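Enquirer: File upload-v7.json follows (JSON, C-alpha atoms):
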[["chain", "number", "residue", "atom", "x", "y", "z"],
["A", 2, "MET", "CA", 21.72, 25.46, 20.81],
["A", 3, "THR", "CA", 23.85, 24.62, 23.79],
["A", 4, "THR", "CA", 23.04, 22.56, 26.83],
["A", 5, "THR", "CA", 24.71, 20.83, 29.71],
["A", 6, "ALA", "CA", 24.50, 17.06, 29.60],
["A", 7, "GLY", "CA", 22.30, 15.54, 32.26],
["A", 8, "THR", "CA", 20.74, 18.84, 33.41],
["A", 9, "PRO", "CA", 16.96, 19.26, 33.52],
["A", 10, "ARG", "CA", 17.19, 21.68, 30.56],
["A", 11, "SER", "CA", 18.98, 19.13, 28.38],
["A", 12, "PRO", "CA", 16.56, 17.01, 26.31],
["A", 13, "HIS", "CA", 19.33, 14.47, 25.71],
["A", 14, "PRO", "CA", 20.55, 12.63, 28.82],
["A", 15, "GLY", "CA", 23.89, 10.94, 28.94],
["A", 16, "SER", "CA", 27.19, 11.42, 27.20],
["A", 17, "PRO", "CA", 27.23, 14.09, 24.47],
["A", 18, "GLY", "CA", 29.23, 11.77, 22.20],
["A", 19, "LEU", "CA", 26.41, 9.22, 22.02],
["A", 20, "ARG", "CA", 23.54, 11.56, 21.21],
["A", 21, "PRO", "CA", 23.92, 11.55, 17.40],
["A", 22, "VAL", "CA", 23.80, 7.73, 17.46],
["A", 23, "VAL", "CA", 20.35, 7.52, 19.06],
["A", 24, "VAL", "CA", 18.31, 9.01, 16.19],
["A", 25, "PRO", "CA", 19.65, 6.77, 13.38],
["A", 26, "VAL", "CA", 19.12, 3.69, 15.56],
["A", 27, "ARG", "CA", 15.52, 4.72, 16.23],
["A", 28, "VAL", "CA", 14.97, 5.16, 12.49],
["A", 29, "ALA", "CA", 16.59, 1.78, 11.81],
["A", 30, "LEU", "CA", 14.39, 0.00, 14.34],
["A", 31, "ARG", "CA", 11.24, 1.69, 13.06],
["A", 32, "SER", "CA", 12.17, 0.79, 9.50],
["A", 33, "LEU", "CA", 12.25, -2.87, 10.53],
["A", 34, "LEU", "CA", 8.57, -2.45, 11.34],
["A", 35, "TRP", "CA", 7.44, -0.25, 8.45],
["A", 36, "GLY", "CA", 9.92, -1.32, 5.75],
["A", 37, "PRO", "CA", 8.57, -4.82, 5.10],
["A", 38, "LEU", "CA", 5.02, -3.47, 5.08],
["A", 39, "ALA", "CA", 5.95, -0.82, 2.51],
["A", 40, "LEU", "CA", 7.79, -3.43, 0.43],
["A", 41, "ALA", "CA", 4.74, -5.69, 0.48],
["A", 42, "VAL", "CA", 2.47, -2.86, -0.68],
["A", 43, "GLY", "CA", 4.98, -1.82, -3.36],
["A", 44, "GLY", "CA", 5.37, -5.42, -4.47],
["A", 45, "ALA", "CA", 1.60, -5.88, -4.74],
["A", 46, "LEU", "CA", 1.21, -2.70, -6.79],
["A", 47, "THR", "CA", 4.11, -3.69, -9.02],
["A", 48, "TRP", "CA", 2.60, -7.17, -9.47],
["A", 49, "LEU", "CA", -0.62, -5.57, -10.70],
["A", 50, "LEU", "CA", 1.08, -3.03, -12.97],
["A", 51, "ALA", "CA", 4.11, -4.88, -14.34],
["A", 52, "GLY", "CA", 3.81, -8.55, -13.47],
["A", 53, "PRO", "CA", 5.34, -11.02, -11.05],
["A", 54, "ALA", "CA", 8.95, -10.76, -12.27],
["A", 55, "ALA", "CA", 9.01, -7.01, -11.67],
["A", 56, "ALA", "CA", 7.30, -7.41, -8.29],
["A", 57, "LEU", "CA", 9.82, -10.00, -7.17],
["A", 58, "GLY", "CA", 12.70, -7.82, -8.37],
["A", 59, "LEU", "CA", 11.36, -4.75, -6.59],
["A", 60, "VAL", "CA", 10.81, -6.58, -3.31],
["A", 61, "ALA", "CA", 14.18, -8.35, -3.51],
["A", 62, "GLY", "CA", 16.05, -5.11, -4.22],
["A", 63, "GLY", "CA", 14.20, -3.22, -1.52],
["A", 64, "ALA", "CA", 14.74, -5.99, 1.02],
["A", 65, "LEU", "CA", 18.46, -6.10, 0.19],
["A", 66, "ALA", "CA", 18.76, -2.34, 0.61],
["A", 67, "LEU", "CA", 16.78, -2.37, 3.85],
["A", 68, "LEU", "CA", 18.91, -5.20, 5.24],
["A", 69, "LEU", "CA", 22.16, -3.43, 4.32],
["A", 70, "LEU", "CA", 21.10, -0.03, 5.66],
["A", 71, "VAL", "CA", 19.68, -1.31, 8.95],
["A", 72, "SER", "CA", 22.60, -3.62, 9.64],
["A", 73, "GLY", "CA", 25.11, -0.88, 8.84],
["A", 74, "THR", "CA", 23.40, 1.57, 11.17],
["A", 75, "LEU", "CA", 23.24, -0.91, 14.02],
["A", 76, "VAL", "CA", 26.88, -1.99, 13.58],
["A", 77, "VAL", "CA", 28.06, 1.64, 13.64],
["A", 78, "ALA", "CA", 25.90, 2.35, 16.71],
["A", 79, "VAL", "CA", 27.49, -0.57, 18.58],
["A", 80, "ALA", "CA", 30.96, 0.65, 17.61],
["A", 81, "ALA", "CA", 30.11, 4.20, 18.75],
["A", 82, "ARG", "CA", 28.99, 2.91, 22.14],
["A", 83, "VAL", "CA", 32.19, 0.91, 22.57],
["A", 84, "ASP", "CA", 34.49, 3.73, 21.48],
["A", 85, "PRO", "CA", 33.21, 6.79, 19.55],
["A", 86, "ARG", "CA", 36.58, 7.12, 17.82],
["A", 87, "LEU", "CA", 35.87, 3.86, 15.97],
["A", 88, "SER", "CA", 32.69, 5.18, 14.34],
["A", 89, "LEU", "CA", 34.22, 6.47, 11.12],
["A", 90, "LEU", "CA", 36.43, 3.42, 10.59],
["A", 91, "VAL", "CA", 33.56, 1.02, 11.20],
["A", 92, "ALA", "CA", 31.18, 3.09, 9.04],
["A", 93, "MET", "CA", 33.59, 3.13, 6.09],
["A", 94, "THR", "CA", 34.38, -0.58, 6.43],
["A", 95, "THR", "CA", 30.69, -1.45, 6.68],
["A", 96, "PHE", "CA", 29.92, 0.71, 3.65],
["A", 97, "ALA", "CA", 32.63, -0.98, 1.59],
["A", 98, "LEU", "CA", 31.47, -4.46, 2.61],
["A", 99, "HIS", "CA", 27.86, -3.59, 1.77],
["A", 100, "ALA", "CA", 28.88, -2.26, -1.64],
["A", 101, "VAL", "CA", 30.75, -5.49, -2.35],
["A", 102, "LEU", "CA", 27.80, -7.58, -1.14],
["A", 103, "ALA", "CA", 25.36, -5.63, -3.33],
["A", 104, "GLY", "CA", 27.72, -6.08, -6.28],
["A", 105, "VAL", "CA", 27.95, -9.83, -5.67],
["A", 106, "VAL", "CA", 24.15, -10.08, -5.52],
["A", 107, "PHE", "CA", 23.79, -8.11, -8.76],
["A", 108, "HIS", "CA", 26.41, -10.25, -10.47],
["A", 109, "ALA", "CA", 24.73, -13.45, -9.32],
["A", 110, "VAL", "CA", 21.33, -12.24, -10.50],
["A", 111, "THR", "CA", 22.45, -10.92, -13.87],
["A", 112, "THR", "CA", 24.55, -13.96, -14.77],
["A", 113, "SER", "CA", 21.83, -16.39, -13.77],
["A", 114, "SER", "CA", 20.23, -18.24, -16.68],
["A", 115, "ASP", "CA", 16.73, -17.42, -15.38],
["A", 116, "ALA", "CA", 17.45, -13.73, -14.71],
["A", 117, "GLY", "CA", 14.89, -12.31, -17.11],
["A", 118, "GLU", "CA", 12.13, -14.84, -16.49],
["A", 119, "ASP", "CA", 11.79, -15.05, -12.71],
["A", 120, "LEU", "CA", 13.15, -11.69, -11.58],
["A", 121, "SER", "CA", 13.44, -8.32, -13.26],
["A", 122, "VAL", "CA", 16.96, -6.95, -12.86],
["A", 123, "ARG", "CA", 15.73, -3.44, -13.63],
["A", 124, "ALA", "CA", 13.13, -3.68, -10.86],
["A", 125, "LEU", "CA", 15.81, -5.00, -8.49],
["A", 126, "GLY", "CA", 17.81, -1.84, -9.15],
["A", 127, "TRP", "CA", 14.75, 0.35, -8.70],
["A", 128, "GLY", "CA", 14.01, -1.36, -5.39],
["A", 129, "LEU", "CA", 17.52, -0.60, -4.17],
["A", 130, "LEU", "CA", 17.32, 3.01, -5.34],
["A", 131, "VAL", "CA", 13.89, 3.76, -3.91],
["A", 132, "VAL", "CA", 14.64, 2.25, -0.50],
["A", 133, "GLY", "CA", 18.05, 3.97, -0.37],
["A", 134, "ALA", "CA", 16.60, 7.37, -1.27],
["A", 135, "THR", "CA", 13.72, 6.98, 1.17],
["A", 136, "TRP", "CA", 16.13, 5.89, 3.92],
["A", 137, "THR", "CA", 18.31, 8.95, 3.32],
["A", 138, "LEU", "CA", 15.33, 11.32, 3.35],
["A", 139, "VAL", "CA", 13.95, 9.84, 6.58],
["A", 140, "GLN", "CA", 17.37, 10.05, 8.28],
["A", 141, "VAL", "CA", 17.82, 13.70, 7.26],
["A", 142, "VAL", "CA", 14.34, 14.65, 8.51],
["A", 143, "ALA", "CA", 14.75, 12.73, 11.78],
["A", 144, "LEU", "CA", 18.17, 14.22, 12.51],
["A", 145, "SER", "CA", 17.05, 17.75, 11.65],
["A", 146, "ARG", "CA", 14.10, 17.45, 14.04],
["A", 147, "ALA", "CA", 16.16, 15.92, 16.87],
["A", 148, "ARG", "CA", 17.65, 19.23, 18.03],
["A", 149, "ILE", "CA", 20.96, 17.65, 18.97],
["A", 150, "PRO", "CA", 23.27, 20.29, 20.48],
["A", 151, "VAL", "CA", 26.33, 21.16, 18.49],
["A", 152, "TYR", "CA", 28.40, 21.41, 21.66],
["A", 153, "ASP", "CA", 27.90, 21.34, 25.42],
["A", 154, "LEU", "CA", 28.86, 24.11, 27.81],
["A", 155, "PRO", "CA", 30.45, 23.41, 31.18],
["A", 156, "ALA", "CA", 27.87, 23.52, 33.99],
["A", 157, "ALA", "CA", 28.89, 27.01, 35.24],
["A", 158, "ASP", "CA", 28.71, 28.61, 31.78],
["A", 159, "ALA", "CA", 25.41, 26.91, 31.05],
["A", 160, "ALA", "CA", 23.86, 28.30, 34.24],
["A", 161, "VAL", "CA", 24.91, 31.86, 33.33],
["A", 162, "ARG", "CA", 23.64, 31.44, 29.76],
["A", 163, "SER", "CA", 20.33, 29.99, 31.00],
["A", 164, "GLU", "CA", 19.82, 32.97, 33.33],
["A", 165, "ARG", "CA", 20.49, 35.37, 30.43],
["A", 166, "GLN", "CA", 18.04, 33.54, 28.17],
["A", 167, "GLU", "CA", 15.35, 33.61, 30.85],
["A", 168, "ALA", "CA", 15.89, 37.35, 31.25],
["A", 169, "GLY", "CA", 15.40, 37.80, 27.50],
["A", 170, "ALA", "CA", 19.01, 38.47, 26.52],
["A", 171, "PRO", "CA", 20.46, 36.69, 23.47]]
For the structure just supplied, provide its representation as structure tokens.
Expert:
Amino acid sequence: MTTTAGTPRSPHPGSPGLRPVVVPVRVALRSLLWGPLALAVGGALTWLLAGPAAALGLVAGGALALLLLVSGTLVVAVAARVDPRLSLLVAMTTFALHAVLAGVVFHAVTTSSDAGEDLSVRALGWGLLVVGATWTLVQVVALSRARIPVYDLPAADAAVRSERQEAGAP
């Protein structure tokens, strides 16, 4: 799929370099709405099935994962708007910092004297894993449905290609 940025045929207005940033940000903002609701439902079900320690662990792990994933996406989006060349550097730095933060949280929880009584460490891990896997799946589906052009043609080439497509030629 090829388009010319800003033309009526292009579903994505604006700079071609910013288009891939829009979809993950939309998913991140929507997850701020639906994520806590899903965590509350998951926590309530876990409370009924496994008890309060497991429910607290699941909600805490899921909330940590949601916080890390949303903040990372928004930080990378801001960097991409400032200068798209910074995206990879900021993404890798953010990923490393989030991994360290998650490790610090796990260390603090597992070395706590009340770790097994108030909060299930296993459920904390499951909360992180489930939210991370769900986040990845939703991002893949959203980006595959976005129909973001791989490249943009110059305006003259796009007009010729559009005329050919309207005439039925490949």
Enquirer: Hey, can you check how far atom CA of A:Ala61 sits from atom CA of A:Leu129?
Expert: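 Taking atom CA of A:Ala61 as the start and atom CA of A:Leu129 as the end point, the length is 8.5 Å.
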Enquirer: Which value, in Å to one decimal, gives the distance between atom CA of A:Ala81 and atom CA of A:Ala147?
Expert: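 Answer for the atom CA of A:Ala81 to atom CA of A:Ala147 separation: 18.3 Å.
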Enquirer: Any idea what's packed within 12 Å of A:Gly52, counting only C-alpha atoms, ignoring anything in its chain fewer than 5 positions away? Could you give it as number ranges by chain?
Expert: A: 44-47, 57-59, 118-121, 124
Enquirer: I'd like the interatomic distance between atom CA of A:Leu144 and atom CA of A:Val28, to a tenth of an Å.
Expert: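 Distance reported for this atom pair: 9.6 Å.
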Enquirer: Pick the closest to A:Ala54 from A:Leu125, A:Leu34, A:Val26, A:Val142: which is it, counting all atoms listed in the file?
Expert: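 Checking each candidate against A:Ala54, we get A:Leu125 as the closest.
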Enquirer: Which polymer residues, whether protein, DNA or RNA, lie within 10 Å of the coordinate (11.7, 3.8, 0.9) when you count all atoms listed in the file? List them as a list in words, using the chain letters and numbers from the file.
Expert: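 Residues close enough to count: Ser32, Trp35, Gly36, Ala39, Leu40, Gly43, Gly63, Ala66, Leu67, Gly128, Leu129, Leu130, Val131, Val132, Gly133, Ala134, Thr135, Trp136, Thr137, Leu138 and Val139 of chain A.
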Enquirer: Convert the current residue selection to file output with C-alpha atoms, as a JSON list (two decimals), in the coordinates of the input.
Expert:
[["chain", "number", "residue", "atom", "x", "y", "z"],
["A", 32, "SER", "CA", 12.17, 0.79, 9.50],
["A", 35, "TRP", "CA", 7.44, -0.25, 8.45],
["A", 36, "GLY", "CA", 9.92, -1.32, 5.75],
["A", 39, "ALA", "CA", 5.95, -0.82, 2.51],
["A", 40, "LEU", "CA", 7.79, -3.43, 0.43],
["A", 43, "GLY", "CA", 4.98, -1.82, -3.36],
["A", 63, "GLY", "CA", 14.20, -3.22, -1.52],
["A", 66, "ALA", "CA", 18.76, -2.34, 0.61],
["A", 67, "LEU", "CA", 16.78, -2.37, 3.85],
["A", 128, "GLY", "CA", 14.01, -1.36, -5.39],
["A", 129, "LEU", "CA", 17.52, -0.60, -4.17],
["A", 130, "LEU", "CA", 17.32, 3.01, -5.34],
["A", 131, "VAL", "CA", 13.89, 3.76, -3.91],
["A", 132, "VAL", "CA", 14.64, 2.25, -0.50],
["A", 133, "GLY", "CA", 18.05, 3.97, -0.37],
["A", 134, "ALA", "CA", 16.60, 7.37, -1.27],
["A", 135, "THR", "CA", 13.72, 6.98, 1.17],
["A", 136, "TRP", "CA", 16.13, 5.89, 3.92],
["A", 137, "THR", "CA", 18.31, 8.95, 3.32],
["A", 138, "LEU", "CA", 15.33, 11.32, 3.35],
["A", 139, "VAL", "CA", 13.95, 9.84, 6.58]]
Enquirer: When you count only C-alpha atoms, which of these residues is closest to A:Ala29: A:Leu89, A:Ala143, A:Leu70, A:Val79?
Expert: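 So, comparing all the options, the nearest one is A:Leu70.
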Enquirer: Counting all atoms listed in the file, find residues at most 10 Å from (23.9, -4.4, 6.2) (file frame) and give them as an MDAnalysis selection string.
Expert: chainID A and resid 65:76 95:96 98:100 102:103
